[in-house]
>>> print(open('my_file09.cif').read())   # mmCIF, C-alpha atoms
data_run
loop_
_atom_site.label_atom_id
_atom_site.label_comp_id
_atom_site.auth_asym_id
_atom_site.auth_seq_id
_atom_site.Cartn_x
_atom_site.Cartn_y
_atom_site.Cartn_z
CA GLU A 11 94.34 123.74 71.06
CA ASN A 12 92.83 124.96 74.30
CA ARG A 13 94.71 122.78 76.79
CA PHE A 14 96.85 124.45 79.44
CA SER A 15 100.58 123.75 79.56
CA ASP A 16 100.59 124.03 83.34
CA VAL A 17 98.33 125.02 86.20
CA CYS A 18 99.53 128.63 86.25
CA SER A 19 97.74 129.60 83.04
CA PHE A 20 94.66 127.73 84.17
CA ILE A 21 94.59 129.46 87.57
CA GLU A 22 95.06 132.85 85.90
CA GLU A 23 91.94 132.10 83.87
CA LEU A 24 90.07 131.12 87.02
CA ASN A 25 91.10 134.29 88.81
CA SER A 26 89.98 136.46 85.90
CA ILE A 27 86.40 135.24 86.23
CA ASN A 28 84.32 136.86 88.97
CA LEU A 29 82.16 133.92 90.03
CA GLN A 30 80.34 133.82 93.34
CA VAL A 31 81.29 130.48 94.90
CA ASP A 32 80.90 129.60 98.57
CA ASP A 33 84.36 129.82 100.12
CA SER A 34 83.40 127.12 102.62
CA SER A 35 83.04 124.56 99.84
CA ASP A 36 85.93 122.13 99.62
CA LYS A 37 85.34 122.00 95.88
CA LYS A 38 85.62 125.74 95.20
CA ASN A 39 88.22 125.61 92.45
CA GLU A 40 86.77 122.42 91.06
CA ASN A 41 83.36 124.10 90.76
CA ILE A 42 84.87 127.17 89.09
CA ALA A 43 86.74 124.98 86.64
CA ASN A 44 83.58 123.06 85.79
CA LYS A 45 81.72 126.36 85.30
CA LEU A 46 84.37 127.59 82.89
CA TYR A 47 84.15 124.31 81.00
CA GLU A 48 80.36 124.46 80.77
CA GLU A 49 80.50 128.03 79.45
CA GLY A 50 83.11 127.05 76.88
CA THR A 51 85.54 129.61 78.33
CA ALA A 52 88.20 126.99 78.94
CA VAL A 53 88.88 123.33 78.34
CA MET A 54 88.86 121.57 81.68
CA PRO A 55 92.26 119.93 82.29
CA SER A 56 91.92 116.24 83.05
CA GLN A 57 93.00 114.73 86.34
CA GLU A 58 95.76 112.98 84.36
CA GLU A 59 97.11 116.37 83.29
CA ILE A 60 96.83 117.78 86.79
CA ASP A 61 98.53 114.66 88.15
CA THR A 62 101.46 115.31 85.83
CA TRP A 63 101.78 118.82 87.28
CA VAL A 64 101.63 117.37 90.79
CA ARG A 65 104.42 114.91 90.02
CA ASN A 66 106.54 117.77 88.72
CA VAL A 67 106.07 119.65 91.99
CA ILE A 68 106.97 116.54 93.99
CA SER A 69 110.20 115.97 92.07
CA GLY A 70 110.96 119.69 91.96
CA GLU A 71 109.93 121.89 94.84
CA TYR A 72 108.89 119.27 97.40
CA ASN A 73 111.85 116.90 97.18
CA THR A 74 114.32 119.78 97.19
CA GLY A 75 112.83 121.39 100.29
CA ARG A 76 111.18 124.37 98.59
CA TYR A 77 108.10 123.82 100.69
CA GLU A 78 106.52 127.27 100.40
CA SER A 79 106.26 126.96 96.64
CA ALA A 80 105.18 123.31 96.88
CA LEU A 81 102.46 124.24 99.35
CA GLU A 82 101.07 126.89 97.01
CA HIS A 83 100.90 124.52 94.06
CA PHE A 84 99.61 121.52 96.01
CA THR A 85 96.84 123.71 97.43
CA GLU A 86 95.72 124.78 93.96
CA TYR A 87 95.78 121.20 92.65
CA ALA A 88 94.09 119.80 95.75
CA LYS A 89 91.20 122.24 95.42
CA MET A 90 90.77 121.02 91.87
CA GLY A 91 90.16 117.53 93.24
CA ASN A 92 93.55 115.88 92.75
CA ALA A 93 93.98 113.07 95.29
CA ARG A 94 97.79 113.01 95.11
CA ALA A 95 98.01 116.74 95.85
CA GLN A 96 95.54 116.33 98.70
CA TYR A 97 97.71 113.59 100.20
CA TYR A 98 100.85 115.72 100.01
CA LEU A 99 99.05 118.62 101.65
CA GLY A 100 98.16 116.24 104.45
CA GLU A 101 101.83 115.30 104.75
CA MET A 102 102.94 118.92 104.88
CA TYR A 103 100.49 119.77 107.66
CA SER A 104 101.24 116.54 109.52
CA TYR A 105 105.01 117.06 109.57
CA GLY A 106 105.14 120.85 109.55
CA ARG A 107 106.83 121.19 106.17
CA GLY A 108 106.49 124.79 105.04
CA VAL A 109 103.64 125.36 107.51
CA PHE A 110 103.07 125.09 111.23
CA ARG A 111 102.20 121.52 112.14
CA ASP A 112 98.42 121.20 112.16
CA TYR A 113 97.00 117.71 112.64
CA ALA A 114 93.44 118.94 112.08
CA LYS A 115 94.39 120.20 108.62
CA ALA A 116 96.35 117.01 107.99
CA VAL A 117 93.29 114.89 108.80
CA GLU A 118 91.14 117.10 106.56
CA TRP A 119 93.36 116.62 103.53
CA TYR A 120 94.15 112.97 104.20
CA ARG A 121 90.41 112.30 104.34
CA LYS A 122 89.69 114.07 101.04
CA SER A 123 92.45 112.09 99.36
CA ALA A 124 91.54 108.80 101.05
CA GLU A 125 87.93 109.12 99.94
CA ARG A 126 89.20 109.45 96.38
CA GLY A 127 91.04 106.14 96.79
CA ASN A 128 94.63 107.25 97.46
CA SER A 129 96.22 104.32 99.33
CA LYS A 130 98.89 106.43 101.05
CA ALA A 131 96.25 108.80 102.39
CA GLN A 132 94.11 105.87 103.53
CA TYR A 133 97.07 104.50 105.47
CA SER A 134 97.87 107.91 106.97
CA LEU A 135 94.25 108.46 107.98
CA GLY A 136 94.29 105.05 109.64
CA ARG A 137 97.35 106.16 111.62
CA MET A 138 95.53 109.29 112.76
CA TYR A 139 92.64 107.20 114.06
CA GLU A 140 94.95 104.67 115.69
CA ASN A 141 96.87 107.40 117.52
CA GLY A 142 93.98 109.79 118.13
CA ARG A 143 95.54 112.81 116.43
CA CYS A 144 92.85 115.46 116.07
CA VAL A 145 90.26 112.71 115.85
CA SER A 146 88.89 110.54 118.64
CA LYS A 147 91.02 107.41 118.94
CA ASP A 148 89.05 104.77 117.08
CA TYR A 149 90.66 101.42 116.34
CA VAL A 150 87.68 100.25 114.29
CA LYS A 151 88.04 103.19 111.91
CA ALA A 152 91.80 102.72 111.88
CA VAL A 153 91.30 99.12 110.75
CA GLU A 154 88.77 100.26 108.14
CA TRP A 155 91.24 102.66 106.53
CA TYR A 156 94.21 100.31 106.89
CA ARG A 157 92.22 97.62 105.13
CA LYS A 158 91.28 99.88 102.22
CA SER A 159 94.95 100.78 101.78
CA ALA A 160 96.26 97.24 102.37
CA GLU A 161 93.92 95.82 99.74
CA GLN A 162 95.55 98.19 97.26
CA GLY A 163 98.94 96.68 98.12
CA ASN A 164 100.31 99.32 100.51
CA SER A 165 102.90 97.41 102.57
CA LYS A 166 102.80 99.83 105.51
CA ALA A 167 99.05 99.37 105.77
CA GLN A 168 99.44 95.60 105.45
CA TYR A 169 101.93 95.65 108.33
CA SER A 170 99.60 97.83 110.43
CA LEU A 171 96.63 95.60 109.71
CA GLY A 172 98.70 92.62 110.82
CA TYR A 173 99.53 94.51 114.01
CA MET A 174 95.87 95.24 114.69
CA TYR A 175 94.94 91.56 114.26
CA ARG A 176 97.86 90.39 116.39
CA ASN A 177 96.91 92.72 119.24
CA GLY A 178 93.13 92.61 118.90
CA LEU A 179 92.73 96.34 118.22
CA GLY A 180 89.52 97.18 116.37
CA VAL A 181 89.11 93.51 115.45
CA SER A 182 89.03 90.22 117.32
CA ARG A 183 92.55 88.95 117.95
CA ASP A 184 93.42 86.55 115.16
CA TYR A 185 97.01 85.37 114.83
CA ALA A 186 96.35 83.62 111.54
CA LYS A 187 95.03 86.85 110.02
CA ALA A 188 98.00 88.71 111.47
CA VAL A 189 100.37 86.30 109.76
CA GLU A 190 98.48 86.68 106.49
CA TRP A 191 98.90 90.46 106.45
CA TYR A 192 102.45 90.44 107.80
CA GLN A 193 103.33 87.96 105.05
CA LYS A 194 101.95 90.24 102.36
CA ALA A 195 103.98 93.17 103.69
CA ALA A 196 107.08 91.04 104.21
CA GLU A 197 106.99 89.77 100.65
CA GLN A 198 107.09 93.39 99.50
CA GLY A 199 110.27 93.95 101.49
CA ASN A 200 108.84 95.59 104.61
CA SER A 201 111.63 94.98 107.14
CA LYS A 202 109.41 95.38 110.24
CA ALA A 203 106.93 92.86 108.87
CA GLN A 204 109.77 90.47 108.05
CA HIS A 205 111.03 90.75 111.62
CA ILE A 206 107.62 90.18 113.22
CA LEU A 207 106.94 87.29 110.87
CA GLY A 208 110.21 85.75 112.07
CA HIS A 209 108.98 86.07 115.66
CA MET A 210 105.68 84.41 114.79
CA TYR A 211 107.42 81.46 113.17
CA GLU A 212 109.79 81.20 116.13
CA SER A 213 106.97 81.25 118.70
CA GLY A 214 104.33 79.44 116.64
CA GLU A 215 101.81 82.30 116.65
CA GLY A 216 99.23 81.68 113.93
CA VAL A 217 101.58 79.22 112.19
CA SER A 218 103.34 75.98 113.01
CA ARG A 219 106.60 76.69 114.82
CA ASP A 220 109.38 76.66 112.25
CA TYR A 221 112.83 77.85 113.29
CA ALA A 222 114.19 77.64 109.75
CA LYS A 223 111.54 80.04 108.49
CA ALA A 224 112.06 82.25 111.53
CA VAL A 225 115.75 82.54 110.64
CA GLU A 226 114.88 83.15 106.99
CA TRP A 227 112.65 86.13 107.81
CA TYR A 228 114.99 87.49 110.48
CA ARG A 229 117.80 87.38 107.93
CA LYS A 230 115.79 89.20 105.27
CA SER A 231 114.98 91.95 107.76
CA ALA A 232 118.51 92.08 109.17
CA GLU A 233 120.01 92.42 105.70
CA GLN A 234 118.00 95.62 105.33
CA GLY A 235 119.66 96.97 108.47
CA TYR A 236 116.76 96.45 110.89
CA CYS A 237 118.60 96.34 114.22
CA TYR A 238 116.11 94.20 116.15
CA ALA A 239 116.26 91.53 113.47
CA GLN A 240 120.04 91.66 113.57
CA GLU A 241 119.89 90.97 117.31
CA ASP A 242 117.49 88.06 116.79
CA ILE A 243 119.51 86.49 114.00
CA GLY A 244 122.54 86.73 116.25
CA ARG A 245 120.93 84.62 118.98
CA MET A 246 119.35 81.98 116.74
#
>>> encode(input="my_file09.cif", output="structure tokens")
Amino acid sequence: ENRFSDVCSFIEELNSINLQVDDSSDKKNENIANKLYEEGTAVMPSQEEIDTWVRNVISGEYNTGRYESALEHFTEYAKMGNARAQYYLGEMYSYGRGVFRDYAKAVEWYRKSAERGNSKAQYSLGRMYENGRCVSKDYVKAVEWYRKSAEQGNSKAQYSLGYMYRNGLGVSRDYAKAVEWYQKAAEQGNSKAQHILGHMYESGEGVSRDYAKAVEWYRKSAEQGYCYAQEDIGRM
């Protein structure tokens, strides 16, 4: 059996091989790993195996605040092409967890992960474009990434896409579309979406005015502790 029990033994094998690989390549470790596999020196761990290691780091080092160790492991996994590790690296650089806050690095890692289909990274990249953090503010690109994430069921992205449609940012203003995306997020328990959906039913934006439904959505949001919904349910 030539599988590796964890990334440490695999990385030791990588480091023992003196291969000339361009340091500027964002696939350096991935290329080395593939080279080892082709030569028969090592069995390439699957992304499923690497993903298991990533999950262990999340539940271990990352969630317990041992960010320096988490950063080291996420970096190794990310360079081997793991989208989940790339997303968490983006988070660490975005929020300054174990490193100095660096939005440029955050965007770099969010993008790598987003391009591999990670819905959380797609949402986060959309936020970077919406707010213009180390990228030129671009509502069209923000909508593009929100949509990719929202279509995978990410409720935060669904809420944000609803917001973009409601306010005509990066798309033509369309209250009906806004309601559609807010509804999707609200049905997943997103308290902000539930609150806004209540407003839209109360005011008749994109839907027929319906005070009963407005109260229903305000209540759902308020029961989750969302203060603005609590205020609105109090006045209805």
>>> resolve_selection(input="my_file09.cif", expression="the PyMOL selection byres ((chain A and resi 167) around 12)", output="PyMOL selection string")
chain A and resi 129-137+140+152-166+168-174+191-192+194-196+198+200+202-203
>>> resolve_selection(input="my_file09.cif", expression="the PyMOL selection byres ((chain A and resi 185) around 7)", output="number ranges by chain")
A: 175-176, 183-184, 186-189, 215-216
>>> atom_distance(input="my_file09.cif", atom1="CA of Asp148 (chain A)", atom2="CA of Lys115 (chain A)")
18.4 Å
>>> residues_around(input="my_file09.cif", residues="region 61-76 of chain A", least_positions_apart="2", cutoff="9 Å", atoms="only C-alpha atoms", output="PDB file with C-alpha atoms, in the frame of the given file")
ATOM      1  CA  ASP A  16     100.590 124.030  83.340  1.00  0.00           C
ATOM      2  CA  VAL A  17      98.330 125.020  86.200  1.00  0.00           C
ATOM      3  CA  SER A  56      91.920 116.240  83.050  1.00  0.00           C
ATOM      4  CA  GLN A  57      93.000 114.730  86.340  1.00  0.00           C
ATOM      5  CA  GLU A  58      95.760 112.980  84.360  1.00  0.00           C
ATOM      6  CA  GLU A  59      97.110 116.370  83.290  1.00  0.00           C
ATOM      7  CA  GLU A  78     106.520 127.270 100.400  1.00  0.00           C
ATOM      8  CA  SER A  79     106.260 126.960  96.640  1.00  0.00           C
ATOM      9  CA  ALA A  80     105.180 123.310  96.880  1.00  0.00           C
ATOM     10  CA  LEU A  81     102.460 124.240  99.350  1.00  0.00           C
ATOM     11  CA  HIS A  83     100.900 124.520  94.060  1.00  0.00           C
ATOM     12  CA  PHE A  84      99.610 121.520  96.010  1.00  0.00           C
ATOM     13  CA  TYR A  87      95.780 121.200  92.650  1.00  0.00           C
ATOM     14  CA  ASN A  92      93.550 115.880  92.750  1.00  0.00           C
ATOM     15  CA  ALA A  93      93.980 113.070  95.290  1.00  0.00           C
ATOM     16  CA  ARG A  94      97.790 113.010  95.110  1.00  0.00           C
ATOM     17  CA  ALA A  95      98.010 116.740  95.850  1.00  0.00           C
ATOM     18  CA  TYR A  98     100.850 115.720 100.010  1.00  0.00           C
ATOM     19  CA  ARG A 107     106.830 121.190 106.170  1.00  0.00           C
ATOM     20  CA  GLY A 108     106.490 124.790 105.040  1.00  0.00           C
TER      21      GLY A 108
END
>>> atom_distance(input="my_file09.cif", atom1="CA of Val145 (chain A)", atom2="CA of Val117 (chain A)")
8.0 Å
>>> residues_around(input="my_file09.cif", residues="Lys223 (chain A)", least_positions_apart="2", cutoff="12 Å", atoms="all atoms listed in the file", output="PyMOL selection string")
chain A and resi 193+204-214+217-221+225-230+243+246
>>> closest_residue(input="my_file09.cif", among="A:Ser182, A:Gln96, A:Ser201, A:Gln240", to="Lys122 (chain A)", atoms="all atoms listed in the file")
A:Gln96
>>> closest_residue(input="my_file09.cif", among="A:Leu179, A:Val109, A:Met102, A:Ala239", to="Tyr139 (chain A)", atoms="all atoms listed in the file")
A:Leu179
>>> resolve_selection(input="my_file09.cif", expression="the PyMOL selection byres ((chain A and resi 144) around 6)", output="list in words")
Tyr113, Ala114, Arg143 and Val145 of chain A
>>> decode(input="my_file09.cif", residues="region 118-143 of chain A", atoms="N, CA, C and O atoms", output="PDB file, in the first residue's frame")
ATOM      1  N   GLU A 118      -6.461  36.468  -4.390  1.00  0.00           N
ATOM      2  CA  GLU A 118      -5.716  35.438  -5.135  1.00  0.00           C
ATOM      3  C   GLU A 118      -6.221  34.038  -4.806  1.00  0.00           C
ATOM      4  O   GLU A 118      -6.494  33.236  -5.698  1.00  0.00           O
ATOM      5  N   TRP A 119      -6.356  33.758  -3.508  1.00  0.00           N
ATOM      6  CA  TRP A 119      -6.762  32.409  -3.103  1.00  0.00           C
ATOM      7  C   TRP A 119      -8.253  32.174  -3.296  1.00  0.00           C
ATOM      8  O   TRP A 119      -8.669  31.068  -3.678  1.00  0.00           O
ATOM      9  N   TYR A 120      -9.068  33.205  -3.050  1.00  0.00           N
ATOM     10  CA  TYR A 120     -10.496  33.058  -3.340  1.00  0.00           C
ATOM     11  C   TYR A 120     -10.705  32.720  -4.817  1.00  0.00           C
ATOM     12  O   TYR A 120     -11.527  31.868  -5.162  1.00  0.00           O
ATOM     13  N   ARG A 121      -9.956  33.401  -5.687  1.00  0.00           N
ATOM     14  CA  ARG A 121     -10.124  33.178  -7.119  1.00  0.00           C
ATOM     15  C   ARG A 121      -9.756  31.747  -7.508  1.00  0.00           C
ATOM     16  O   ARG A 121     -10.468  31.099  -8.280  1.00  0.00           O
ATOM     17  N   LYS A 122      -8.629  31.262  -6.993  1.00  0.00           N
ATOM     18  CA  LYS A 122      -8.207  29.888  -7.312  1.00  0.00           C
ATOM     19  C   LYS A 122      -9.296  28.898  -6.897  1.00  0.00           C
ATOM     20  O   LYS A 122      -9.633  27.970  -7.635  1.00  0.00           O
ATOM     21  N   SER A 123      -9.823  29.102  -5.697  1.00  0.00           N
ATOM     22  CA  SER A 123     -10.858  28.208  -5.180  1.00  0.00           C
ATOM     23  C   SER A 123     -12.158  28.360  -5.963  1.00  0.00           C
ATOM     24  O   SER A 123     -12.801  27.370  -6.325  1.00  0.00           O
ATOM     25  N   ALA A 124     -12.542  29.600  -6.232  1.00  0.00           N
ATOM     26  CA  ALA A 124     -13.784  29.865  -6.964  1.00  0.00           C
ATOM     27  C   ALA A 124     -13.752  29.239  -8.349  1.00  0.00           C
ATOM     28  O   ALA A 124     -14.758  28.689  -8.817  1.00  0.00           O
ATOM     29  N   GLU A 125     -12.600  29.310  -9.001  1.00  0.00           N
ATOM     30  CA  GLU A 125     -12.482  28.737 -10.343  1.00  0.00           C
ATOM     31  C   GLU A 125     -12.564  27.220 -10.325  1.00  0.00           C
ATOM     32  O   GLU A 125     -12.848  26.602 -11.355  1.00  0.00           O
ATOM     33  N   ARG A 126     -12.334  26.636  -9.162  1.00  0.00           N
ATOM     34  CA  ARG A 126     -12.498  25.189  -9.009  1.00  0.00           C
ATOM     35  C   ARG A 126     -13.905  24.828  -8.535  1.00  0.00           C
ATOM     36  O   ARG A 126     -14.192  23.660  -8.260  1.00  0.00           O
ATOM     37  N   GLY A 127     -14.774  25.857  -8.417  1.00  0.00           N
ATOM     38  CA  GLY A 127     -16.183  25.587  -8.134  1.00  0.00           C
ATOM     39  C   GLY A 127     -16.603  25.679  -6.686  1.00  0.00           C
ATOM     40  O   GLY A 127     -17.743  25.322  -6.354  1.00  0.00           O
ATOM     41  N   ASN A 128     -15.722  26.173  -5.790  1.00  0.00           N
ATOM     42  CA  ASN A 128     -16.095  26.282  -4.380  1.00  0.00           C
ATOM     43  C   ASN A 128     -17.087  27.435  -4.202  1.00  0.00           C
ATOM     44  O   ASN A 128     -16.773  28.591  -4.477  1.00  0.00           O
ATOM     45  N   SER A 129     -18.292  27.130  -3.732  1.00  0.00           N
ATOM     46  CA  SER A 129     -19.350  28.142  -3.662  1.00  0.00           C
ATOM     47  C   SER A 129     -19.055  29.232  -2.642  1.00  0.00           C
ATOM     48  O   SER A 129     -19.414  30.399  -2.852  1.00  0.00           O
ATOM     49  N   LYS A 130     -18.401  28.884  -1.538  1.00  0.00           N
ATOM     50  CA  LYS A 130     -18.063  29.892  -0.537  1.00  0.00           C
ATOM     51  C   LYS A 130     -17.036  30.878  -1.096  1.00  0.00           C
ATOM     52  O   LYS A 130     -17.123  32.086  -0.855  1.00  0.00           O
ATOM     53  N   ALA A 131     -16.080  30.366  -1.830  1.00  0.00           N
ATOM     54  CA  ALA A 131     -15.070  31.232  -2.440  1.00  0.00           C
ATOM     55  C   ALA A 131     -15.693  32.109  -3.518  1.00  0.00           C
ATOM     56  O   ALA A 131     -15.336  33.283  -3.663  1.00  0.00           O
ATOM     57  N   GLN A 132     -16.625  31.550  -4.271  1.00  0.00           N
ATOM     58  CA  GLN A 132     -17.312  32.337  -5.299  1.00  0.00           C
ATOM     59  C   GLN A 132     -18.058  33.498  -4.661  1.00  0.00           C
ATOM     60  O   GLN A 132     -18.013  34.632  -5.152  1.00  0.00           O
ATOM     61  N   TYR A 133     -18.734  33.225  -3.555  1.00  0.00           N
ATOM     62  CA  TYR A 133     -19.443  34.289  -2.837  1.00  0.00           C
ATOM     63  C   TYR A 133     -18.453  35.333  -2.319  1.00  0.00           C
ATOM     64  O   TYR A 133     -18.673  36.548  -2.497  1.00  0.00           O
ATOM     65  N   SER A 134     -17.371  34.890  -1.718  1.00  0.00           N
ATOM     66  CA  SER A 134     -16.387  35.811  -1.155  1.00  0.00           C
ATOM     67  C   SER A 134     -15.730  36.661  -2.239  1.00  0.00           C
ATOM     68  O   SER A 134     -15.472  37.848  -2.039  1.00  0.00           O
ATOM     69  N   LEU A 135     -15.466  36.054  -3.393  1.00  0.00           N
ATOM     70  CA  LEU A 135     -14.885  36.808  -4.501  1.00  0.00           C
ATOM     71  C   LEU A 135     -15.878  37.852  -5.003  1.00  0.00           C
ATOM     72  O   LEU A 135     -15.499  38.985  -5.338  1.00  0.00           O
ATOM     73  N   GLY A 136     -17.147  37.486  -5.036  1.00  0.00           N
ATOM     74  CA  GLY A 136     -18.180  38.447  -5.393  1.00  0.00           C
ATOM     75  C   GLY A 136     -18.189  39.637  -4.451  1.00  0.00           C
ATOM     76  O   GLY A 136     -18.320  40.794  -4.876  1.00  0.00           O
ATOM     77  N   ARG A 137     -18.017  39.370  -3.153  1.00  0.00           N
ATOM     78  CA  ARG A 137     -17.958  40.445  -2.164  1.00  0.00           C
ATOM     79  C   ARG A 137     -16.771  41.369  -2.427  1.00  0.00           C
ATOM     80  O   ARG A 137     -16.880  42.587  -2.280  1.00  0.00           O
ATOM     81  N   MET A 138     -15.643  40.789  -2.793  1.00  0.00           N
ATOM     82  CA  MET A 138     -14.455  41.598  -3.070  1.00  0.00           C
ATOM     83  C   MET A 138     -14.714  42.534  -4.253  1.00  0.00           C
ATOM     84  O   MET A 138     -14.326  43.701  -4.230  1.00  0.00           O
ATOM     85  N   TYR A 139     -15.379  42.028  -5.283  1.00  0.00           N
ATOM     86  CA  TYR A 139     -15.690  42.868  -6.434  1.00  0.00           C
ATOM     87  C   TYR A 139     -16.753  43.911  -6.086  1.00  0.00           C
ATOM     88  O   TYR A 139     -16.686  45.050  -6.559  1.00  0.00           O
ATOM     89  N   GLU A 140     -17.723  43.535  -5.278  1.00  0.00           N
ATOM     90  CA  GLU A 140     -18.762  44.500  -4.902  1.00  0.00           C
ATOM     91  C   GLU A 140     -18.180  45.660  -4.104  1.00  0.00           C
ATOM     92  O   GLU A 140     -18.556  46.821  -4.287  1.00  0.00           O
ATOM     93  N   ASN A 141     -17.229  45.341  -3.219  1.00  0.00           N
ATOM     94  CA  ASN A 141     -16.670  46.357  -2.326  1.00  0.00           C
ATOM     95  C   ASN A 141     -15.362  46.968  -2.826  1.00  0.00           C
ATOM     96  O   ASN A 141     -14.852  47.914  -2.229  1.00  0.00           O
ATOM     97  N   GLY A 142     -14.818  46.422  -3.911  1.00  0.00           N
ATOM     98  CA  GLY A 142     -13.581  46.962  -4.467  1.00  0.00           C
ATOM     99  C   GLY A 142     -12.375  46.768  -3.585  1.00  0.00           C
ATOM    100  O   GLY A 142     -11.549  47.668  -3.438  1.00  0.00           O
ATOM    101  N   ARG A 143     -12.239  45.586  -2.995  1.00  0.00           N
ATOM    102  CA  ARG A 143     -11.095  45.292  -2.132  1.00  0.00           C
ATOM    103  C   ARG A 143      -9.993  44.616  -2.931  1.00  0.00           C
ATOM    104  O   ARG A 143     -10.064  43.452  -3.268  1.00  0.00           O
TER     105      ARG A 143
END
